[in-house]
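Raw structure27.cif, mmCIF, C-alpha atoms, pLDDT in the B column; chains and numbers go by the auth columns:
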data_query
#
loop_
_atom_site.group_PDB
_atom_site.id
_atom_site.type_symbol
_atom_site.label_atom_id
_atom_site.label_comp_id
_atom_site.label_asym_id
_atom_site.label_seq_id
_atom_site.Cartn_x
_atom_site.Cartn_y
_atom_site.Cartn_z
_atom_site.B_iso_or_equiv
_atom_site.auth_seq_id
_atom_site.auth_asym_id
ATOM 1 C CA MET A 1 12.882 -49.657 17.718 44.00 1 A
ATOM 2 C CA ARG A 2 13.767 -46.247 19.092 40.00 2 A
ATOM 3 C CA PHE A 3 13.969 -44.857 15.541 36.00 3 A
ATOM 4 C CA VAL A 4 10.519 -46.238 14.678 37.00 4 A
ATOM 5 C CA SER A 5 9.068 -44.673 17.811 40.00 5 A
ATOM 6 C CA LEU A 6 10.647 -41.313 16.970 36.00 6 A
ATOM 7 C CA ALA A 7 9.428 -41.490 13.378 39.00 7 A
ATOM 8 C CA PHE A 8 5.900 -42.309 14.537 36.00 8 A
ATOM 9 C CA THR A 9 5.939 -39.393 17.001 36.00 9 A
ATOM 10 C CA LEU A 10 7.090 -36.990 14.287 36.00 10 A
ATOM 11 C CA LEU A 11 4.373 -38.250 11.953 37.00 11 A
ATOM 12 C CA VAL A 12 1.661 -37.757 14.585 35.00 12 A
ATOM 13 C CA VAL A 13 2.908 -34.288 15.552 34.00 13 A
ATOM 14 C CA SER A 14 3.132 -33.148 11.915 37.00 14 A
ATOM 15 C CA THR A 15 -0.363 -34.483 11.187 34.00 15 A
ATOM 16 C CA ILE A 16 -1.793 -32.645 14.188 33.00 16 A
ATOM 17 C CA SER A 17 0.039 -29.467 13.182 34.00 17 A
ATOM 18 C CA LEU A 18 -1.337 -29.641 9.646 34.00 18 A
ATOM 19 C CA ALA A 19 -4.861 -30.190 10.899 35.00 19 A
ATOM 20 C CA ALA A 20 -4.589 -27.321 13.386 36.00 20 A
ATOM 21 C CA GLY A 21 -3.238 -24.975 10.728 36.00 21 A
ATOM 22 C CA SER A 22 -5.794 -25.754 8.081 34.00 22 A
ATOM 23 C CA SER A 23 -8.821 -23.603 7.508 36.00 23 A
ATOM 24 C CA SER A 24 -11.892 -23.859 5.398 39.00 24 A
ATOM 25 C CA SER A 25 -11.054 -20.743 3.377 48.00 25 A
ATOM 26 C CA THR A 26 -8.778 -20.893 0.376 64.00 26 A
ATOM 27 C CA LYS A 27 -6.871 -18.134 -1.376 71.00 27 A
ATOM 28 C CA GLN A 28 -9.563 -18.061 -4.057 71.00 28 A
ATOM 29 C CA GLU A 29 -12.080 -17.082 -1.390 79.00 29 A
ATOM 30 C CA GLN A 30 -9.996 -14.162 -0.084 88.00 30 A
ATOM 31 C CA PRO A 31 -11.353 -10.704 -0.902 92.00 31 A
ATOM 32 C CA GLY A 32 -9.607 -9.321 -3.960 95.00 32 A
ATOM 33 C CA TYR A 33 -7.873 -12.542 -4.935 96.00 33 A
ATOM 34 C CA ALA A 34 -9.405 -12.743 -8.415 96.00 34 A
ATOM 35 C CA SER A 35 -8.168 -9.224 -9.168 97.00 35 A
ATOM 36 C CA PHE A 36 -4.777 -10.088 -7.685 97.00 36 A
ATOM 37 C CA GLN A 37 -4.462 -13.086 -10.023 97.00 37 A
ATOM 38 C CA LYS A 38 -5.333 -10.904 -13.025 97.00 38 A
ATOM 39 C CA GLY A 39 -2.676 -8.464 -11.891 98.00 39 A
ATOM 40 C CA GLN A 40 -0.129 -11.266 -11.642 98.00 40 A
ATOM 41 C CA ARG A 41 -0.897 -12.314 -15.207 98.00 41 A
ATOM 42 C CA ALA A 42 -0.512 -8.706 -16.396 98.00 42 A
ATOM 43 C CA VAL A 43 2.873 -8.464 -14.637 98.00 43 A
ATOM 44 C CA LYS A 44 4.022 -11.667 -16.341 98.00 44 A
ATOM 45 C CA SER A 45 3.117 -10.161 -19.714 98.00 45 A
ATOM 46 C CA GLY A 46 4.866 -6.898 -18.831 98.00 46 A
ATOM 47 C CA ASP A 47 1.684 -4.815 -18.855 98.00 47 A
ATOM 48 C CA PHE A 48 2.288 -2.804 -15.699 98.00 48 A
ATOM 49 C CA PRO A 49 -0.457 -0.194 -16.252 98.00 49 A
ATOM 50 C CA GLN A 50 -3.032 -2.996 -16.510 98.00 50 A
ATOM 51 C CA ALA A 51 -1.483 -4.809 -13.529 98.00 51 A
ATOM 52 C CA LEU A 52 -1.729 -1.627 -11.501 97.00 52 A
ATOM 53 C CA GLY A 53 -5.472 -1.427 -12.111 97.00 53 A
ATOM 54 C CA HIS A 54 -6.003 -5.018 -11.011 98.00 54 A
ATOM 55 C CA PHE A 55 -3.916 -4.568 -7.869 98.00 55 A
ATOM 56 C CA GLU A 56 -5.830 -1.373 -7.073 98.00 56 A
ATOM 57 C CA SER A 57 -9.029 -3.418 -7.258 98.00 57 A
ATOM 58 C CA ALA A 58 -7.551 -6.088 -4.995 98.00 58 A
ATOM 59 C CA LEU A 59 -6.501 -3.455 -2.459 98.00 59 A
ATOM 60 C CA ALA A 60 -9.967 -1.889 -2.567 97.00 60 A
ATOM 61 C CA GLU A 61 -11.333 -5.234 -1.396 97.00 61 A
ATOM 62 C CA ASP A 62 -8.595 -5.967 1.162 97.00 62 A
ATOM 63 C CA ALA A 63 -6.291 -3.091 2.115 97.00 63 A
ATOM 64 C CA ASN A 64 -4.601 -5.231 4.774 97.00 64 A
ATOM 65 C CA ASN A 65 -3.106 -7.823 2.461 97.00 65 A
ATOM 66 C CA PRO A 66 0.689 -7.456 2.276 98.00 66 A
ATOM 67 C CA ASP A 67 0.875 -9.419 -0.989 97.00 67 A
ATOM 68 C CA TYR A 68 -1.460 -6.940 -2.663 98.00 68 A
ATOM 69 C CA HIS A 69 0.591 -3.963 -1.449 98.00 69 A
ATOM 70 C CA ASN A 70 3.803 -5.658 -2.533 98.00 70 A
ATOM 71 C CA MET A 71 2.676 -6.310 -6.088 98.00 71 A
ATOM 72 C CA TYR A 72 1.003 -2.914 -6.374 98.00 72 A
ATOM 73 C CA ALA A 73 4.340 -1.360 -5.371 98.00 73 A
ATOM 74 C CA TYR A 74 6.185 -3.627 -7.814 98.00 74 A
ATOM 75 C CA SER A 75 4.001 -2.344 -10.648 98.00 75 A
ATOM 76 C CA LEU A 76 4.433 1.267 -9.517 98.00 76 A
ATOM 77 C CA ARG A 77 8.210 0.820 -9.466 98.00 77 A
ATOM 78 C CA HIS A 78 8.195 -0.482 -13.021 98.00 78 A
ATOM 79 C CA LEU A 79 6.242 2.609 -14.030 98.00 79 A
ATOM 80 C CA GLU A 80 8.886 4.842 -12.385 98.00 80 A
ATOM 81 C CA ARG A 81 6.444 5.940 -9.667 98.00 81 A
ATOM 82 C CA ASN A 82 9.067 5.320 -7.006 98.00 82 A
ATOM 83 C CA ASP A 83 7.696 7.449 -4.151 98.00 83 A
ATOM 84 C CA GLU A 84 4.334 5.681 -4.320 98.00 84 A
ATOM 85 C CA ALA A 85 6.057 2.319 -4.657 98.00 85 A
ATOM 86 C CA LEU A 86 8.105 2.996 -1.541 98.00 86 A
ATOM 87 C CA GLN A 87 4.948 3.806 0.429 98.00 87 A
ATOM 88 C CA HIS A 88 3.270 0.547 -0.582 98.00 88 A
ATOM 89 C CA TYR A 89 6.354 -1.578 0.098 98.00 89 A
ATOM 90 C CA GLN A 90 6.483 0.021 3.528 98.00 90 A
ATOM 91 C CA GLN A 91 2.795 -0.766 4.025 98.00 91 A
ATOM 92 C CA ALA A 92 3.386 -4.401 3.045 98.00 92 A
ATOM 93 C CA LEU A 93 6.246 -4.586 5.540 98.00 93 A
ATOM 94 C CA ALA A 94 4.188 -2.917 8.261 98.00 94 A
ATOM 95 C CA LEU A 95 1.646 -5.699 7.803 98.00 95 A
ATOM 96 C CA LYS A 96 4.259 -8.465 7.517 98.00 96 A
ATOM 97 C CA PRO A 97 7.824 -7.352 8.390 98.00 97 A
ATOM 98 C CA ARG A 98 9.476 -10.533 7.092 97.00 98 A
ATOM 99 C CA HIS A 99 7.595 -10.578 3.768 98.00 99 A
ATOM 100 C CA LEU A 100 10.161 -12.044 1.405 98.00 100 A
ATOM 101 C CA GLY A 101 9.055 -10.337 -1.795 98.00 101 A
ATOM 102 C CA ALA A 102 8.557 -6.917 -0.231 98.00 102 A
ATOM 103 C CA ASN A 103 11.990 -7.032 1.406 98.00 103 A
ATOM 104 C CA GLU A 104 13.644 -7.994 -1.869 98.00 104 A
ATOM 105 C CA TYR A 105 11.798 -5.433 -3.962 98.00 105 A
ATOM 106 C CA ILE A 106 12.155 -2.523 -1.536 98.00 106 A
ATOM 107 C CA GLY A 107 15.870 -3.326 -1.416 98.00 107 A
ATOM 108 C CA GLU A 108 15.978 -3.112 -5.207 98.00 108 A
ATOM 109 C CA LEU A 109 14.112 0.184 -5.081 98.00 109 A
ATOM 110 C CA TYR A 110 16.587 1.562 -2.549 98.00 110 A
ATOM 111 C CA LEU A 111 19.422 0.627 -4.926 98.00 111 A
ATOM 112 C CA LYS A 112 17.625 2.428 -7.725 97.00 112 A
ATOM 113 C CA LEU A 113 17.404 5.469 -5.439 97.00 113 A
ATOM 114 C CA GLY A 114 21.109 5.184 -4.545 97.00 114 A
ATOM 115 C CA ASN A 115 20.591 4.100 -0.937 98.00 115 A
ATOM 116 C CA LEU A 116 22.890 1.095 -0.520 98.00 116 A
ATOM 117 C CA ALA A 117 22.659 1.099 3.285 98.00 117 A
ATOM 118 C CA LYS A 118 18.863 0.672 3.247 98.00 118 A
ATOM 119 C CA ALA A 119 19.120 -2.087 0.622 98.00 119 A
ATOM 120 C CA GLU A 120 21.608 -3.909 2.838 98.00 120 A
ATOM 121 C CA GLU A 121 19.224 -3.596 5.812 98.00 121 A
ATOM 122 C CA HIS A 122 16.606 -5.511 3.850 98.00 122 A
ATOM 123 C CA LEU A 123 19.178 -8.084 2.776 98.00 123 A
ATOM 124 C CA LYS A 124 19.827 -8.717 6.493 98.00 124 A
ATOM 125 C CA VAL A 125 16.097 -9.216 7.079 98.00 125 A
ATOM 126 C CA LEU A 126 16.022 -11.746 4.245 98.00 126 A
ATOM 127 C CA ASP A 127 19.102 -13.485 5.616 97.00 127 A
ATOM 128 C CA GLN A 128 17.306 -13.966 8.931 96.00 128 A
ATOM 129 C CA ALA A 129 13.971 -14.914 7.350 96.00 129 A
ATOM 130 C CA CYS A 130 15.402 -17.437 4.886 95.00 130 A
ATOM 131 C CA TYR A 131 16.680 -20.191 7.151 89.00 131 A
ATOM 132 C CA PHE A 132 17.946 -22.395 4.350 91.00 132 A
ATOM 133 C CA GLY A 133 18.381 -19.682 1.744 91.00 133 A
ATOM 134 C CA CYS A 134 15.798 -18.361 -0.653 97.00 134 A
ATOM 135 C CA GLU A 135 15.516 -16.849 -4.085 98.00 135 A
ATOM 136 C CA GLU A 136 14.636 -13.395 -2.727 98.00 136 A
ATOM 137 C CA TYR A 137 17.843 -13.266 -0.684 98.00 137 A
ATOM 138 C CA ASP A 138 19.950 -14.476 -3.610 98.00 138 A
ATOM 139 C CA GLU A 139 18.388 -11.949 -6.004 98.00 139 A
ATOM 140 C CA LEU A 140 18.872 -8.953 -3.725 98.00 140 A
ATOM 141 C CA LYS A 141 22.402 -10.022 -2.803 98.00 141 A
ATOM 142 C CA GLU A 142 23.323 -10.235 -6.491 98.00 142 A
ATOM 143 C CA LYS A 143 21.791 -6.821 -7.219 98.00 143 A
ATOM 144 C CA ILE A 144 23.715 -5.291 -4.305 98.00 144 A
ATOM 145 C CA GLU A 145 26.952 -6.827 -5.585 98.00 145 A
ATOM 146 C CA GLN A 146 26.255 -5.456 -9.081 98.00 146 A
ATOM 147 C CA TYR A 147 25.487 -2.033 -7.591 98.00 147 A
ATOM 148 C CA LYS A 148 28.763 -2.043 -5.682 97.00 148 A
ATOM 149 C CA ARG A 149 30.755 -3.030 -8.794 97.00 149 A
ATOM 150 C CA ARG A 150 29.177 -0.187 -10.793 96.00 150 A
ATOM 151 C CA ASN A 151 29.549 2.429 -8.068 95.00 151 A
ATOM 152 C CA THR A 152 32.977 1.775 -6.562 81.00 152 A
#
Could you write out this structure as structure tokens?
Amino acid sequence: MRFVSLAFTLLVVSTISLAAGSSSSTKQEQPGYASFQKGQRAVKSGDFPQALGHFESALAEDANNPDYHNMYAYSLRHLERNDEALQHYQQALALKPRHLGANEYIGELYLKLGNLAKAEEHLKVLDQACYFGCEEYDELKEKIEQYKRRNT
């Protein structure tokens, strides 16, 4: 009986939480989201110059979206525009310090720039942000291990 009561309480609390957290707007209604999606498709096809243009459009509509800054920086990094990429990763993290993708990708950029200590700082952020582990943590950890094997 006690278990049933606990289960019912958890169900009610989770239902209330979901209702309180829901909003009438969807991602599709966010400013710049259509451009962001086009940019994502361009990234998947490896067309980083085209992706960059789409992410620029998304940022023009919503300069305070950390996802837009993150993917804009990702495209810049793949075009070897590392200084600009670093600025946009930092902007994404200023907006959302525990952004999983931005922490992973800025860590990878720091490795590319030879700054292992900074990459490890972002791995620590991911370790704290990913309670039960996450792909971003695993990816950056593996890249750091590869970096260490190549450079020691």
If you count all atoms listed in the file, which residues fall within 8 Å of Glu108 in chain A, apart from same-chain ones fewer than 2 positions away, as a list in words?
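With the cut-off at 8 Å, the set is Glu104, Tyr105, Ile106, Tyr110, Leu111, Lys112, Ala119, Leu140 and Lys143 of chain A.
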Taking the file as shown, what set of residues would the PyMOL selection byres ((chain A and resi 68) around 10) give back, as an MDAnalysis selection string?
chainID A and resid 32:33 35:36 39 54:60 62:67 69:74 88:89 92
Written selection (C-alpha atoms) as a compact mmCIF listing (two decimals), keeping the file's coordinate frame:
# COMPACT_ATOMS: atom_id res chain seq x y z
CA GLY A 32 -9.61 -9.32 -3.96
CA TYR A 33 -7.87 -12.54 -4.93
CA SER A 35 -8.17 -9.22 -9.17
CA PHE A 36 -4.78 -10.09 -7.68
CA GLY A 39 -2.68 -8.46 -11.89
CA HIS A 54 -6.00 -5.02 -11.01
CA PHE A 55 -3.92 -4.57 -7.87
CA GLU A 56 -5.83 -1.37 -7.07
CA SER A 57 -9.03 -3.42 -7.26
CA ALA A 58 -7.55 -6.09 -5.00
CA LEU A 59 -6.50 -3.46 -2.46
CA ALA A 60 -9.97 -1.89 -2.57
CA ASP A 62 -8.60 -5.97 1.16
CA ALA A 63 -6.29 -3.09 2.12
CA ASN A 64 -4.60 -5.23 4.77
CA ASN A 65 -3.11 -7.82 2.46
CA PRO A 66 0.69 -7.46 2.28
CA ASP A 67 0.88 -9.42 -0.99
CA HIS A 69 0.59 -3.96 -1.45
CA ASN A 70 3.80 -5.66 -2.53
CA MET A 71 2.68 -6.31 -6.09
CA TYR A 72 1.00 -2.91 -6.37
CA ALA A 73 4.34 -1.36 -5.37
CA TYR A 74 6.18 -3.63 -7.81
CA HIS A 88 3.27 0.55 -0.58
CA TYR A 89 6.35 -1.58 0.10
CA ALA A 92 3.39 -4.40 3.04
Write out as a PyMOL selection string which residues come within 10 Å of Ala129 in chain A when counting only C-alpha atoms, dropping same-chain ones fewer than 5 positions away.
chain A and resi 97-100+123-124+134+137
I'd like the interatomic distance between CA of Pro49 in chain A and CA of Ser75 in chain A, to a tenth of an Å.
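Distance reported for this atom pair: 7.5 Å.
Coordinates place CA of Leu79 in chain A at a distance of 20.8 Å from CA of Tyr147 in chain A.
Here the question is which of A:Gly107, A:Ala34, A:Gly133, A:Phe48 gets nearest to Glu121 in chain A using all atoms listed in the file, and that residue is A:Gly107.
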In Å, rounded to a single decimal, give me how far CA of Lys27 in chain A is from CA of Arg77 in chain A.
25.5 Å
Draw an axis-aligned box over all listed atoms of range 68-82 of chain A, pad each side with 6 Å, and write its centre and edge lengths in Å, one decimal, as lines of an AutoDock Vina configuration file.
center_x = 3.8
center_y = -0.5
center_z = -7.7
size_x = 22.5
size_y = 24.9
size_z = 24.6
Would you please work out which residue, of A:Asn103, A:Gln128, A:Glu120, A:Gly114, is nearest to Arg150 in chain A when using only C-alpha atoms?
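Under the stated criterion, the closest residue is A:Gly114.
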Distance criterion (only C-alpha atoms): nearest to Glu145 in chain A out of A:Leu116, A:Leu86, A:Cys130, A:Leu93:
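Closest residue, counting only C-alpha atoms: A:Leu116.
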